[in-house]
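File shown here: final-v6.cif, holding mmCIF, C-alpha atoms (C1' of nucleotides).
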```cif
data_final
loop_
_atom_site.label_atom_id
_atom_site.label_comp_id
_atom_site.auth_asym_id
_atom_site.auth_seq_id
_atom_site.Cartn_x
_atom_site.Cartn_y
_atom_site.Cartn_z
CA MET A 1 109.29 85.63 -38.68
CA GLU A 2 111.77 85.51 -35.86
CA TYR A 3 115.51 84.95 -35.82
CA GLN A 4 115.80 81.18 -36.03
CA GLU A 5 113.28 80.88 -38.84
CA ALA A 6 114.92 83.67 -40.82
CA LYS A 7 118.35 82.15 -40.28
CA ASP A 8 117.21 78.69 -41.44
CA LYS A 9 115.50 80.18 -44.44
CA PHE A 10 118.60 82.09 -45.43
CA ILE A 11 120.90 79.10 -45.06
CA SER A 12 118.68 76.70 -46.94
CA THR A 13 118.01 79.19 -49.74
CA TRP A 14 121.65 79.94 -50.17
CA GLY A 15 122.39 76.22 -50.02
CA SER A 16 120.02 75.34 -52.82
CA LEU A 17 121.22 78.26 -54.89
CA GLY A 18 124.71 76.87 -54.53
CA THR A 19 123.56 73.50 -55.80
CA LEU A 20 122.10 75.18 -58.84
CA TRP A 21 125.45 76.80 -59.56
CA GLY A 22 127.69 73.80 -59.19
CA ILE A 23 128.66 74.36 -55.58
CA ASN A 24 127.55 71.66 -53.23
CA LYS A 25 124.96 72.11 -50.55
CA ALA A 26 127.16 71.66 -47.51
CA MET A 27 129.76 74.05 -48.87
CA ALA A 28 127.16 76.75 -49.52
CA GLN A 29 125.53 76.21 -46.14
CA ILE A 30 128.78 76.42 -44.21
CA GLN A 31 129.61 79.66 -45.97
CA SER A 32 126.14 81.04 -45.21
CA LEU A 33 126.41 80.13 -41.58
CA LEU A 34 129.76 81.88 -41.24
CA PHE A 35 128.47 84.82 -43.21
CA ILE A 36 125.82 85.66 -40.64
CA SER A 37 127.75 84.60 -37.58
CA THR A 38 128.92 87.28 -35.18
CA LYS A 39 132.07 85.33 -34.35
CA PRO A 40 134.40 82.69 -35.80
CA LEU A 41 133.04 79.16 -35.50
CA SER A 42 134.77 75.87 -34.75
CA MET A 43 134.22 72.67 -36.71
CA GLU A 44 132.27 71.34 -33.76
CA GLU A 45 129.87 74.28 -33.83
CA ILE A 46 129.40 74.08 -37.59
CA MET A 47 128.65 70.34 -37.61
CA GLU A 48 126.23 70.75 -34.79
CA ASP A 49 124.39 73.71 -36.25
CA LEU A 50 124.05 72.26 -39.75
CA LYS A 51 123.78 68.64 -38.65
CA ILE A 52 126.48 67.38 -40.95
CA SER A 53 129.28 64.94 -40.22
CA ARG A 54 132.80 65.80 -39.17
CA GLY A 55 134.29 64.52 -42.42
CA ASN A 56 131.91 66.49 -44.54
CA THR A 57 132.56 69.65 -42.57
CA SER A 58 136.30 69.22 -42.84
CA MET A 59 136.27 68.62 -46.60
CA ASN A 60 133.95 71.47 -47.39
CA LEU A 61 135.80 73.92 -45.19
CA ARG A 62 138.89 73.01 -47.13
CA GLN A 63 137.17 73.70 -50.42
CA LEU A 64 135.96 77.04 -49.14
CA MET A 65 139.52 77.89 -48.17
CA ASP A 66 140.68 76.84 -51.66
CA TRP A 67 138.13 79.23 -53.07
CA GLY A 68 139.65 81.89 -50.87
CA ILE A 69 136.43 82.87 -49.13
CA VAL A 70 136.96 81.20 -45.78
CA THR A 71 140.01 81.52 -43.54
CA LYS A 72 141.25 79.87 -40.39
CA GLU A 73 141.30 82.05 -37.35
CA LEU A 74 143.63 81.01 -34.59
CA ILE A 75 142.34 82.03 -31.22
CA PRO A 76 145.17 82.43 -28.68
CA GLY A 77 145.09 79.80 -25.99
CA GLU A 78 142.59 77.69 -27.93
CA ARG A 79 143.54 74.32 -29.36
CA LYS A 80 140.65 74.23 -31.83
CA GLU A 81 140.66 75.94 -35.19
CA TYR A 82 138.07 78.60 -35.84
CA PHE A 83 136.75 79.73 -39.20
CA THR A 84 135.47 82.96 -40.68
CA THR A 85 134.28 83.94 -44.12
CA GLU A 86 134.82 87.14 -46.02
CA LYS A 87 132.12 89.43 -44.70
CA ASP A 88 132.19 92.09 -47.38
CA VAL A 89 129.82 91.12 -50.20
CA GLN A 90 131.83 93.04 -52.81
CA GLU A 91 134.98 91.23 -51.85
CA LEU A 92 133.10 87.96 -51.79
CA ALA A 93 131.72 88.53 -55.28
CA ARG A 94 135.18 89.41 -56.49
CA HIS A 95 136.71 86.22 -55.10
CA VAL A 96 133.99 84.06 -56.57
CA ALA A 97 134.23 85.76 -59.95
CA LYS A 98 137.97 85.35 -60.02
CA GLU A 99 137.81 81.68 -59.18
CA ARG A 100 135.09 80.92 -61.68
CA SER A 101 137.08 82.66 -64.36
CA ARG A 102 140.19 80.70 -63.58
CA ARG A 103 138.53 77.33 -63.16
CA GLU A 104 135.77 77.38 -65.72
CA ILE A 105 135.82 80.22 -68.19
CA LYS A 106 139.51 80.39 -69.09
CA PRO A 107 139.81 76.66 -69.92
CA VAL A 108 136.71 76.83 -72.08
CA ILE A 109 138.02 79.87 -73.92
CA LYS A 110 141.15 77.95 -74.73
CA ILE A 111 139.20 75.06 -76.21
CA LEU A 112 136.96 77.39 -78.19
CA LYS A 113 140.07 78.97 -79.60
CA ASP A 114 141.53 75.61 -80.60
CA VAL A 115 138.31 74.42 -82.15
CA SER A 116 137.72 77.65 -84.05
CA SER A 117 141.27 77.50 -85.39
CA ILE A 118 140.95 74.27 -87.34
CA GLU A 119 141.81 74.44 -91.02
CA ASP A 120 138.99 75.55 -93.29
CA ASP A 121 138.56 72.67 -95.73
CA GLY A 122 135.95 74.60 -97.69
CA THR A 123 132.94 72.47 -96.66
CA ALA A 124 129.84 74.18 -95.33
CA LYS A 125 129.87 72.27 -92.06
CA THR A 126 133.48 73.19 -91.31
CA LYS A 127 132.76 76.82 -92.12
CA GLU A 128 129.78 76.75 -89.75
CA LEU A 129 131.76 75.14 -86.94
CA ILE A 130 134.49 77.75 -87.28
CA LYS A 131 132.07 80.64 -87.48
CA GLN A 132 129.97 79.61 -84.52
CA THR A 133 132.78 78.65 -82.19
CA LYS A 134 134.57 81.88 -83.07
CA ALA A 135 131.46 83.87 -82.11
CA LEU A 136 131.23 81.98 -78.85
CA HIS A 137 134.91 82.54 -78.24
CA ASP A 138 134.51 86.28 -78.67
CA LEU A 139 131.52 86.39 -76.35
CA ALA A 140 133.33 84.37 -73.70
CA GLU A 141 136.39 86.59 -73.92
CA THR A 142 134.30 89.72 -73.50
CA ALA A 143 132.46 88.30 -70.52
CA ASP A 144 135.68 87.14 -68.96
CA ALA A 145 137.36 90.49 -69.52
CA MET A 146 134.50 92.08 -67.63
CA LEU A 147 134.95 89.67 -64.75
CA THR A 148 138.67 90.32 -64.68
CA LYS A 149 138.02 94.03 -64.60
CA ILE A 150 135.60 93.72 -61.73
CA VAL A 151 138.06 91.57 -59.86
CA SER A 152 141.01 93.89 -60.29
CA GLN A 153 139.35 97.03 -59.02
CA GLU A 154 139.08 98.70 -55.68
CA GLN A 155 136.12 98.46 -53.34
CA ASN A 156 133.22 100.13 -55.05
CA TRP A 157 133.97 99.93 -58.72
CA LEU A 158 131.41 97.25 -59.34
CA THR A 159 128.42 99.03 -57.87
CA LYS A 160 129.36 102.38 -59.29
CA SER A 161 129.93 101.14 -62.81
CA LEU A 162 126.82 99.09 -62.91
CA LEU A 163 124.68 101.88 -61.64
CA LYS A 164 126.17 104.21 -64.23
CA LEU A 165 125.51 101.60 -66.89
CA ILE A 166 121.93 101.02 -65.90
CA LYS A 167 120.94 104.67 -65.73
CA MET B 168 142.66 68.56 -85.81
CA GLU B 169 140.04 67.80 -88.40
CA TYR B 170 136.32 68.37 -88.45
CA GLN B 171 135.00 65.40 -86.53
CA GLU B 172 137.51 65.76 -83.72
CA ALA B 173 136.87 69.48 -83.40
CA LYS B 174 133.12 68.91 -83.40
CA ASP B 175 133.33 66.23 -80.69
CA LYS B 176 135.59 68.40 -78.61
CA PHE B 177 133.23 71.34 -78.86
CA ILE B 178 130.16 69.30 -77.95
CA SER B 179 131.75 67.56 -75.01
CA THR B 180 133.29 70.77 -73.66
CA TRP B 181 130.03 72.61 -73.90
CA GLY B 182 128.28 69.62 -72.36
CA SER B 183 130.49 69.54 -69.30
CA LEU B 184 130.33 73.29 -68.92
CA GLY B 185 126.56 72.97 -68.87
CA THR B 186 126.78 70.44 -66.05
CA LEU B 187 128.87 72.88 -64.07
CA TRP B 188 126.19 75.51 -64.46
CA GLY B 189 123.15 73.49 -63.56
CA ILE B 190 122.14 72.51 -67.07
CA ASN B 191 122.28 68.83 -67.75
CA LYS B 192 124.70 67.19 -70.11
CA ALA B 193 122.26 66.00 -72.72
CA MET B 194 120.55 69.38 -72.86
CA ALA B 195 123.84 71.20 -73.37
CA GLN B 196 125.00 68.70 -75.98
CA ILE B 197 121.82 68.89 -78.01
CA GLN B 198 122.05 72.65 -78.03
CA SER B 199 125.71 72.48 -79.10
CA LEU B 200 124.93 70.09 -81.90
CA LEU B 201 122.20 72.33 -83.24
CA PHE B 202 124.39 75.38 -82.80
CA ILE B 203 126.99 74.12 -85.27
CA SER B 204 124.62 72.32 -87.61
CA THR B 205 124.07 73.80 -91.05
CA LYS B 206 120.45 72.65 -91.09
CA PRO B 207 117.58 71.77 -88.77
CA LEU B 208 117.88 68.28 -87.27
CA SER B 209 115.24 65.66 -86.53
CA MET B 210 115.00 63.77 -83.26
CA GLU B 211 116.27 60.71 -85.09
CA GLU B 212 119.41 62.53 -86.23
CA ILE B 213 120.08 63.99 -82.80
CA MET B 214 119.76 60.68 -80.97
CA GLU B 215 121.98 58.99 -83.47
CA ASP B 216 124.68 61.64 -83.44
CA LEU B 217 124.86 61.96 -79.65
CA LYS B 218 123.99 58.32 -78.92
CA ILE B 219 121.23 59.13 -76.49
CA SER B 220 117.80 57.55 -76.19
CA ARG B 221 114.61 58.77 -77.76
CA GLY B 222 113.06 59.63 -74.41
CA ASN B 223 116.05 61.59 -73.29
CA THR B 224 116.17 63.50 -76.56
CA SER B 225 112.50 64.32 -76.38
CA MET B 226 112.62 65.56 -72.80
CA ASN B 227 115.69 67.67 -73.26
CA LEU B 228 114.46 69.22 -76.47
CA ARG B 229 111.38 70.24 -74.57
CA GLN B 230 113.46 71.86 -71.87
CA LEU B 231 115.48 73.73 -74.48
CA MET B 232 112.23 74.98 -75.96
CA ASP B 233 111.07 76.06 -72.50
CA TRP B 234 114.29 78.02 -72.19
CA GLY B 235 113.41 79.64 -75.50
CA ILE B 236 116.64 78.75 -77.25
CA VAL B 237 115.44 75.91 -79.45
CA THR B 238 112.45 76.00 -81.79
CA LYS B 239 110.57 73.49 -83.88
CA GLU B 240 110.94 73.91 -87.57
CA LEU B 241 108.18 72.39 -89.67
CA ILE B 242 109.47 71.31 -93.03
CA PRO B 243 106.69 71.24 -95.66
CA GLY B 244 105.83 67.77 -96.81
CA GLU B 245 107.75 66.19 -93.91
CA ARG B 246 106.01 64.33 -91.14
CA LYS B 247 108.92 64.59 -88.71
CA GLU B 248 109.65 67.60 -86.58
CA TYR B 249 112.93 69.39 -87.06
CA PHE B 250 114.76 71.55 -84.54
CA THR B 251 117.00 74.59 -84.66
CA THR B 252 118.65 76.70 -82.00
CA GLU B 253 119.15 80.42 -81.87
CA LYS B 254 122.29 80.96 -83.93
CA ASP B 255 123.15 84.46 -82.80
CA VAL B 256 125.33 84.31 -79.69
CA GLN B 257 124.13 87.68 -78.42
CA GLU B 258 120.55 86.60 -78.65
CA LEU B 259 121.43 83.31 -77.03
CA ALA B 260 123.16 85.05 -74.12
CA ARG B 261 120.17 87.31 -73.72
CA HIS B 262 117.72 84.40 -73.57
CA VAL B 263 119.82 82.53 -71.07
CA ALA B 264 120.32 85.60 -68.88
CA LYS B 265 116.61 86.33 -68.91
CA GLU B 266 115.68 82.81 -67.93
CA ARG B 267 118.26 82.59 -65.18
CA SER B 268 117.02 85.86 -63.77
CA ARG B 269 113.44 84.72 -63.78
CA ARG B 270 114.07 81.24 -62.44
CA GLU B 271 116.91 81.71 -60.01
CA ILE B 272 117.82 85.26 -59.16
CA LYS B 273 114.39 86.84 -58.71
CA PRO B 274 113.13 84.19 -56.25
CA VAL B 275 116.31 84.49 -54.20
CA ILE B 276 116.03 88.27 -54.10
CA LYS B 277 112.56 87.91 -52.72
CA ILE B 278 113.71 85.63 -49.92
CA LEU B 279 116.65 87.90 -49.10
CA LYS B 280 114.23 90.73 -48.82
CA ASP B 281 111.96 88.79 -46.48
CA VAL B 282 114.83 87.63 -44.32
CA SER B 283 116.43 91.05 -44.10
CA SER B 284 113.09 92.55 -43.11
CA ILE B 285 112.64 90.68 -39.84
CA GLU B 286 112.14 92.77 -36.78
CA ASP B 287 115.30 93.98 -35.08
CA ASP B 288 115.08 92.60 -31.56
CA GLY B 289 118.27 94.38 -30.58
CA THR B 290 120.49 91.29 -30.26
CA ALA B 291 123.83 91.21 -32.02
CA LYS B 292 123.00 88.08 -34.01
CA THR B 293 119.76 89.52 -35.33
CA LYS B 294 121.54 92.74 -36.28
CA GLU B 295 124.19 90.75 -38.12
CA LEU B 296 121.64 88.63 -39.99
CA ILE B 297 119.78 91.74 -41.09
CA LYS B 298 122.92 93.58 -42.09
CA GLN B 299 124.44 90.75 -44.09
CA THR B 300 121.32 89.63 -45.89
CA LYS B 301 120.57 93.26 -46.74
CA ALA B 302 124.02 93.61 -48.30
CA LEU B 303 123.49 90.42 -50.28
CA HIS B 304 120.08 91.64 -51.33
CA ASP B 305 121.53 94.88 -52.66
CA LEU B 306 124.25 93.04 -54.56
CA ALA B 307 121.77 90.61 -56.07
CA GLU B 308 119.47 93.44 -57.11
CA THR B 309 122.30 95.29 -58.80
CA ALA B 310 123.47 92.19 -60.64
CA ASP B 311 119.95 91.37 -61.69
CA ALA B 312 119.33 94.92 -62.88
CA MET B 313 122.38 94.56 -65.09
CA LEU B 314 121.07 91.33 -66.53
CA THR B 315 117.68 92.87 -67.15
CA LYS B 316 119.32 95.77 -68.88
CA ILE B 317 121.35 93.47 -71.12
CA VAL B 318 118.25 91.50 -71.91
CA SER B 319 116.13 94.47 -72.82
CA GLN B 320 118.50 96.05 -75.28
CA GLU B 321 118.96 95.85 -79.01
CA GLN B 322 121.51 93.68 -80.76
CA ASN B 323 124.93 95.00 -79.88
CA TRP B 324 124.44 96.78 -76.64
CA LEU B 325 126.17 94.09 -74.67
CA THR B 326 129.43 94.02 -76.59
CA LYS B 327 129.59 97.76 -76.99
CA SER B 328 128.93 98.55 -73.36
CA LEU B 329 131.29 95.98 -72.07
CA LEU B 330 134.08 97.10 -74.32
CA LYS B 331 133.52 100.68 -73.25
CA LEU B 332 133.59 99.58 -69.64
CA ILE B 333 136.79 97.65 -69.95
CA LYS B 334 138.75 100.30 -71.77
"C1'" DT C 335 157.78 60.08 -24.98
"C1'" DT C 336 153.01 59.66 -24.19
"C1'" DA C 337 148.44 60.88 -24.31
"C1'" DA C 338 144.84 63.92 -25.17
"C1'" DA C 339 142.71 67.03 -28.43
"C1'" DC C 340 141.91 67.81 -32.51
"C1'" DT C 341 141.78 67.26 -38.05
"C1'" DT C 342 142.04 64.69 -42.28
"C1'" DT C 343 141.35 60.84 -45.25
"C1'" DC C 344 138.81 57.56 -47.69
"C1'" DA C 345 136.02 53.35 -48.57
"C1'" DA C 346 131.37 52.31 -48.10
"C1'" DA C 347 126.50 53.81 -48.05
"C1'" DA C 348 122.97 57.02 -49.10
"C1'" DA C 349 120.94 60.44 -51.81
"C1'" DT C 350 120.25 62.62 -55.94
"C1'" DT C 351 120.03 63.11 -60.82
"C1'" DA C 352 120.11 61.39 -65.54
"C1'" DT C 353 118.97 57.89 -68.85
"C1'" DT C 354 116.59 54.19 -70.93
"C1'" DG C 355 113.02 51.91 -73.45
"C1'" DA C 356 108.65 50.33 -74.07
"C1'" DA C 357 103.84 51.51 -73.66
"C1'" DA C 358 100.63 55.15 -74.32
"C1'" DG C 359 99.48 59.13 -76.82
"C1'" DT C 360 98.97 62.05 -81.01
"C1'" DT C 361 98.64 63.38 -85.70
"C1'" DT C 362 98.04 62.71 -90.53
"C1'" DA C 363 96.99 60.22 -94.78
"C1'" DT C 364 94.02 57.21 -96.95
"C1'" DA D 365 87.70 54.47 -89.02
"C1'" DT D 366 92.31 52.51 -89.42
"C1'" DA D 367 96.99 52.30 -89.63
"C1'" DA D 368 101.37 54.21 -90.08
"C1'" DA D 369 104.60 57.63 -88.49
"C1'" DC D 370 105.95 59.93 -85.20
"C1'" DT D 371 106.35 62.02 -80.07
"C1'" DT D 372 105.68 61.89 -75.13
"C1'" DT D 373 105.48 59.86 -70.68
"C1'" DC D 374 107.16 57.50 -66.83
"C1'" DA D 375 108.62 53.56 -63.92
"C1'" DA D 376 112.72 51.15 -63.63
"C1'" DT D 377 117.71 51.31 -63.84
"C1'" DA D 378 122.15 53.34 -64.10
"C1'" DA D 379 125.43 56.85 -63.20
"C1'" DT D 380 127.06 60.36 -60.48
"C1'" DT D 381 127.61 63.02 -56.45
"C1'" DT D 382 127.39 63.67 -51.59
"C1'" DT D 383 127.72 62.17 -46.99
"C1'" DT D 384 129.11 59.36 -43.29
"C1'" DG D 385 132.03 57.61 -39.68
"C1'" DA D 386 135.79 55.33 -38.10
"C1'" DA D 387 140.69 54.78 -38.64
"C1'" DA D 388 144.85 57.18 -39.46
"C1'" DG D 389 147.30 61.34 -38.98
"C1'" DT D 390 148.91 65.57 -36.58
"C1'" DT D 391 149.93 68.80 -33.04
"C1'" DT D 392 150.54 70.30 -28.42
"C1'" DA D 393 151.12 69.93 -23.41
"C1'" DA D 394 153.13 67.84 -19.73
#
```
Take the structure in the file and write it out as structure tokens.
Amino acid sequence: MEYQEAKDKFISTWGSLGTLWGINKAMAQIQSLLFISTKPLSMEEIMEDLKISRGNTSMNLRQLMDWGIVTKELIPGERKEYFTTEKDVQELARHVAKERSRREIKPVIKILKDVSSIEDDGTAKTKELIKQTKALHDLAETADAMLTKIVSQEQNWLTKSLLKLIK
Amino acid sequence: MEYQEAKDKFISTWGSLGTLWGINKAMAQIQSLLFISTKPLSMEEIMEDLKISRGNTSMNLRQLMDWGIVTKELIPGERKEYFTTEKDVQELARHVAKERSRREIKPVIKILKDVSSIEDDGTAKTKELIKQTKALHDLAETADAMLTKIVSQEQNWLTKSLLKLIK
DNA sequence: TTAAACTTTCAAAAATTATTGAAAGTTTAT
DNA sequence: ATAAACTTTCAATAATTTTTGAAAGTTTAA
């Protein structure tokens, strides 16, 4: 396998993984491309490499910036905007974890809390609803606390802790 | 908030969360319904409660069984099939983690390994591709090892370990 | 101020994914 | 063997999501 084949394979794999996780294909592919690029890329270069339209590139770059994993790089003397992604996988994982917590997990925890706090009218079905949503609430809180912890730590906490845990 | 409202809220929240995580709406809603039900439900009851078609119900129940989180319950004397889901959240989390590892993470790890193993031709771009995919490979392996560990342990390992970790 | 270089927006089109429902299939009781 | 009770399959349809591309918007240089 030589360079181009390996590169394509990486980008398409990462792209379809993104799809599976609620991140769209173009967004995942742009991030992948930047992740293995040796230099910042312009919109022009991205659209050309991935064969996607200007509009699509623009919108997805914006989303990636909202996620905090892609940043604009202004090159002195250049009119165009250039883009780079976070290159450190730990930092990348931390950003993604933080965003997923904020956008998805936290809101769900709130609803689980509300639902599990309804008044117990003594019926079996109400008791079951309360019991089960409470259990889910506790699980979600624990998982989220772990994410928060990972996110708040310095460089190598994640790897170190996990290795310790697995041993 | 009374029972019906709380129930609807729970099912629709869980349903949309599922969508966000690559599990379809009907599948997530059926699982939710079973999760808070006090007794096994027939296909008839599920379709009626969630207002989805027979075909849809049948297909999604099958998928839930493939995931290992829903099982058929044969009630003596009854012709119909009844369904229940795993009621223990820990066990549920373990099943889901195991399946996601097998279906999504493991295959990606394999590709990352292949891509990061291409021959180094000495160019900067090849070096970067190798370096970055190797880093991603290591991260994915660590994360997957954690999942595997969670999956392979007895009842309360998850909660206990995580609490310890967070303290 | 104008024009060139560039980016963003958004309505329409395309692609993908989920859902339906009726026909085919299966199982059980008689 | 037949029929009733039930489940599965799958082609057609519907719903949702993504992508396009051209017009509108913005910034900079002269």
Distance cut-off 12 Å, counting all atoms listed in the file - which residues of chain B neighbour chain D? Return them as a ChimeraX atom specification. /B:186,209-211,221-229,245-249
Fit chain A to chain B, using all C-alpha atoms paired in sequence order for the least-squares superposition, and then show me the result as a short mmCIF file (atom, residue, chain, number, x, y, z; two decimals) with C-alpha atoms, in the frame of the given file.
```cif
data_model
loop_
_atom_site.label_atom_id
_atom_site.label_comp_id
_atom_site.auth_asym_id
_atom_site.auth_seq_id
_atom_site.Cartn_x
_atom_site.Cartn_y
_atom_site.Cartn_z
CA MET A 1 142.64 68.55 -85.80
CA GLU A 2 140.03 67.82 -88.41
CA TYR A 3 136.29 68.38 -88.45
CA GLN A 4 134.97 65.40 -86.52
CA GLU A 5 137.50 65.76 -83.72
CA ALA A 6 136.85 69.48 -83.40
CA LYS A 7 133.11 68.92 -83.41
CA ASP A 8 133.31 66.24 -80.69
CA LYS A 9 135.58 68.41 -78.62
CA PHE A 10 133.22 71.35 -78.86
CA ILE A 11 130.15 69.31 -77.95
CA SER A 12 131.74 67.56 -75.02
CA THR A 13 133.28 70.77 -73.67
CA TRP A 14 130.03 72.62 -73.90
CA GLY A 15 128.27 69.64 -72.34
CA SER A 16 130.50 69.54 -69.30
CA LEU A 17 130.31 73.30 -68.92
CA GLY A 18 126.56 72.94 -68.84
CA THR A 19 126.81 70.39 -66.06
CA LEU A 20 128.89 72.81 -64.07
CA TRP A 21 126.19 75.44 -64.43
CA GLY A 22 123.18 73.38 -63.51
CA ILE A 23 122.15 72.44 -67.02
CA ASN A 24 122.29 68.76 -67.75
CA LYS A 25 124.70 67.16 -70.14
CA ALA A 26 122.25 65.98 -72.76
CA MET A 27 120.53 69.34 -72.86
CA ALA A 28 123.82 71.18 -73.37
CA GLN A 29 124.99 68.69 -75.98
CA ILE A 30 121.80 68.88 -78.01
CA GLN A 31 122.04 72.65 -78.03
CA SER A 32 125.69 72.48 -79.10
CA LEU A 33 124.92 70.09 -81.89
CA LEU A 34 122.18 72.34 -83.25
CA PHE A 35 124.37 75.36 -82.80
CA ILE A 36 126.96 74.12 -85.27
CA SER A 37 124.60 72.34 -87.60
CA THR A 38 124.06 73.79 -91.06
CA LYS A 39 120.44 72.65 -91.10
CA PRO A 40 117.57 71.77 -88.75
CA LEU A 41 117.86 68.29 -87.27
CA SER A 42 115.23 65.67 -86.51
CA MET A 43 115.00 63.75 -83.25
CA GLU A 44 116.29 60.71 -85.08
CA GLU A 45 119.41 62.53 -86.23
CA ILE A 46 120.07 63.99 -82.79
CA MET A 47 119.75 60.65 -80.97
CA GLU A 48 121.98 59.00 -83.47
CA ASP A 49 124.67 61.65 -83.44
CA LEU A 50 124.84 61.98 -79.65
CA LYS A 51 124.01 58.35 -78.91
CA ILE A 52 121.23 59.13 -76.49
CA SER A 53 117.82 57.53 -76.19
CA ARG A 54 114.61 58.74 -77.76
CA GLY A 55 113.06 59.61 -74.41
CA ASN A 56 116.04 61.58 -73.29
CA THR A 57 116.16 63.49 -76.55
CA SER A 58 112.48 64.31 -76.38
CA MET A 59 112.61 65.56 -72.79
CA ASN A 60 115.69 67.66 -73.26
CA LEU A 61 114.45 69.21 -76.47
CA ARG A 62 111.37 70.22 -74.56
CA GLN A 63 113.45 71.85 -71.86
CA LEU A 64 115.45 73.71 -74.47
CA MET A 65 112.21 74.97 -75.97
CA ASP A 66 111.06 76.05 -72.49
CA TRP A 67 114.27 78.00 -72.18
CA GLY A 68 113.40 79.62 -75.48
CA ILE A 69 116.63 78.73 -77.24
CA VAL A 70 115.42 75.91 -79.44
CA THR A 71 112.43 75.98 -81.78
CA LYS A 72 110.55 73.47 -83.87
CA GLU A 73 110.90 73.89 -87.58
CA LEU A 74 108.18 72.38 -89.69
CA ILE A 75 109.46 71.30 -93.04
CA PRO A 76 106.68 71.24 -95.67
CA GLY A 77 105.83 67.75 -96.80
CA GLU A 78 107.77 66.19 -93.92
CA ARG A 79 106.02 64.30 -91.16
CA LYS A 80 108.93 64.57 -88.73
CA GLU A 81 109.64 67.58 -86.57
CA TYR A 82 112.92 69.39 -87.06
CA PHE A 83 114.74 71.54 -84.54
CA THR A 84 116.97 74.58 -84.65
CA THR A 85 118.63 76.68 -82.00
CA GLU A 86 119.15 80.40 -81.86
CA LYS A 87 122.28 80.95 -83.90
CA ASP A 88 123.15 84.45 -82.79
CA VAL A 89 125.35 84.29 -79.69
CA GLN A 90 124.15 87.68 -78.43
CA GLU A 91 120.56 86.60 -78.65
CA LEU A 92 121.44 83.31 -77.04
CA ALA A 93 123.17 85.03 -74.13
CA ARG A 94 120.19 87.30 -73.73
CA HIS A 95 117.73 84.41 -73.57
CA VAL A 96 119.83 82.52 -71.07
CA ALA A 97 120.32 85.60 -68.90
CA LYS A 98 116.63 86.33 -68.92
CA GLU A 99 115.70 82.82 -67.93
CA ARG A 100 118.27 82.59 -65.17
CA SER A 101 117.04 85.86 -63.77
CA ARG A 102 113.46 84.72 -63.76
CA ARG A 103 114.07 81.24 -62.44
CA GLU A 104 116.91 81.70 -60.01
CA ILE A 105 117.84 85.25 -59.16
CA LYS A 106 114.42 86.85 -58.71
CA PRO A 107 113.14 84.20 -56.26
CA VAL A 108 116.31 84.48 -54.22
CA ILE A 109 116.04 88.26 -54.11
CA LYS A 110 112.57 87.91 -52.72
CA ILE A 111 113.73 85.63 -49.93
CA LEU A 112 116.67 87.88 -49.11
CA LYS A 113 114.24 90.74 -48.83
CA ASP A 114 111.97 88.80 -46.48
CA VAL A 115 114.83 87.62 -44.33
CA SER A 116 116.43 91.06 -44.13
CA SER A 117 113.09 92.55 -43.13
CA ILE A 118 112.63 90.67 -39.88
CA GLU A 119 112.12 92.77 -36.78
CA ASP A 120 115.29 93.97 -35.10
CA ASP A 121 115.07 92.58 -31.57
CA GLY A 122 118.25 94.39 -30.56
CA THR A 123 120.46 91.28 -30.26
CA ALA A 124 123.81 91.22 -32.01
CA LYS A 125 123.02 88.09 -34.00
CA THR A 126 119.76 89.53 -35.34
CA LYS A 127 121.53 92.75 -36.28
CA GLU A 128 124.19 90.74 -38.12
CA LEU A 129 121.64 88.63 -39.98
CA ILE A 130 119.79 91.75 -41.10
CA LYS A 131 122.93 93.58 -42.10
CA GLN A 132 124.44 90.75 -44.08
CA THR A 133 121.31 89.64 -45.88
CA LYS A 134 120.56 93.26 -46.75
CA ALA A 135 124.03 93.61 -48.30
CA LEU A 136 123.49 90.43 -50.27
CA HIS A 137 120.08 91.65 -51.33
CA ASP A 138 121.54 94.87 -52.68
CA LEU A 139 124.27 93.04 -54.56
CA ALA A 140 121.78 90.61 -56.08
CA GLU A 141 119.49 93.44 -57.14
CA THR A 142 122.33 95.28 -58.83
CA ALA A 143 123.48 92.18 -60.66
CA ASP A 144 119.97 91.38 -61.72
CA ALA A 145 119.34 94.92 -62.91
CA MET A 146 122.38 94.56 -65.12
CA LEU A 147 121.07 91.32 -66.56
CA THR A 148 117.69 92.88 -67.19
CA LYS A 149 119.34 95.77 -68.95
CA ILE A 150 121.37 93.49 -71.16
CA VAL A 151 118.28 91.50 -71.97
CA SER A 152 116.13 94.47 -72.89
CA GLN A 153 118.51 96.04 -75.36
CA GLU A 154 119.00 95.80 -79.07
CA GLN A 155 121.60 93.68 -80.80
CA ASN A 156 124.96 95.06 -79.87
CA TRP A 157 124.45 96.82 -76.60
CA LEU A 158 126.20 94.15 -74.62
CA THR A 159 129.45 94.12 -76.53
CA LYS A 160 129.59 97.85 -76.92
CA SER A 161 128.95 98.62 -73.28
CA LEU A 162 131.36 96.08 -72.01
CA LEU A 163 134.10 97.22 -74.28
CA LYS A 164 133.51 100.81 -73.20
CA LEU A 165 133.60 99.68 -69.58
CA ILE A 166 136.80 97.72 -69.93
CA LYS A 167 138.75 100.43 -71.72
#
```
Near A:Glu99, within 12 Å and counting all atoms listed in the file, which residues show up once chain neighbours fewer than 2 positions away are dropped, as a list in words? Gln63, Leu64, Met65, Asp66, Trp67, Gly68, Ile69, Leu92, Ala93, Arg94, His95, Val96, Ala97, Ser101, Arg102, Arg103, Glu104, Ile105, Lys106, Asp144, Leu147, Thr148 and Val151 of chain A
What is the distance, in Å and to one decimal place, between atom CA of A:Lys149 and atom CA of B:Leu279?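 Between atom CA of A:Lys149 and atom CA of B:Leu279 the gap works out to 27.1 Å.
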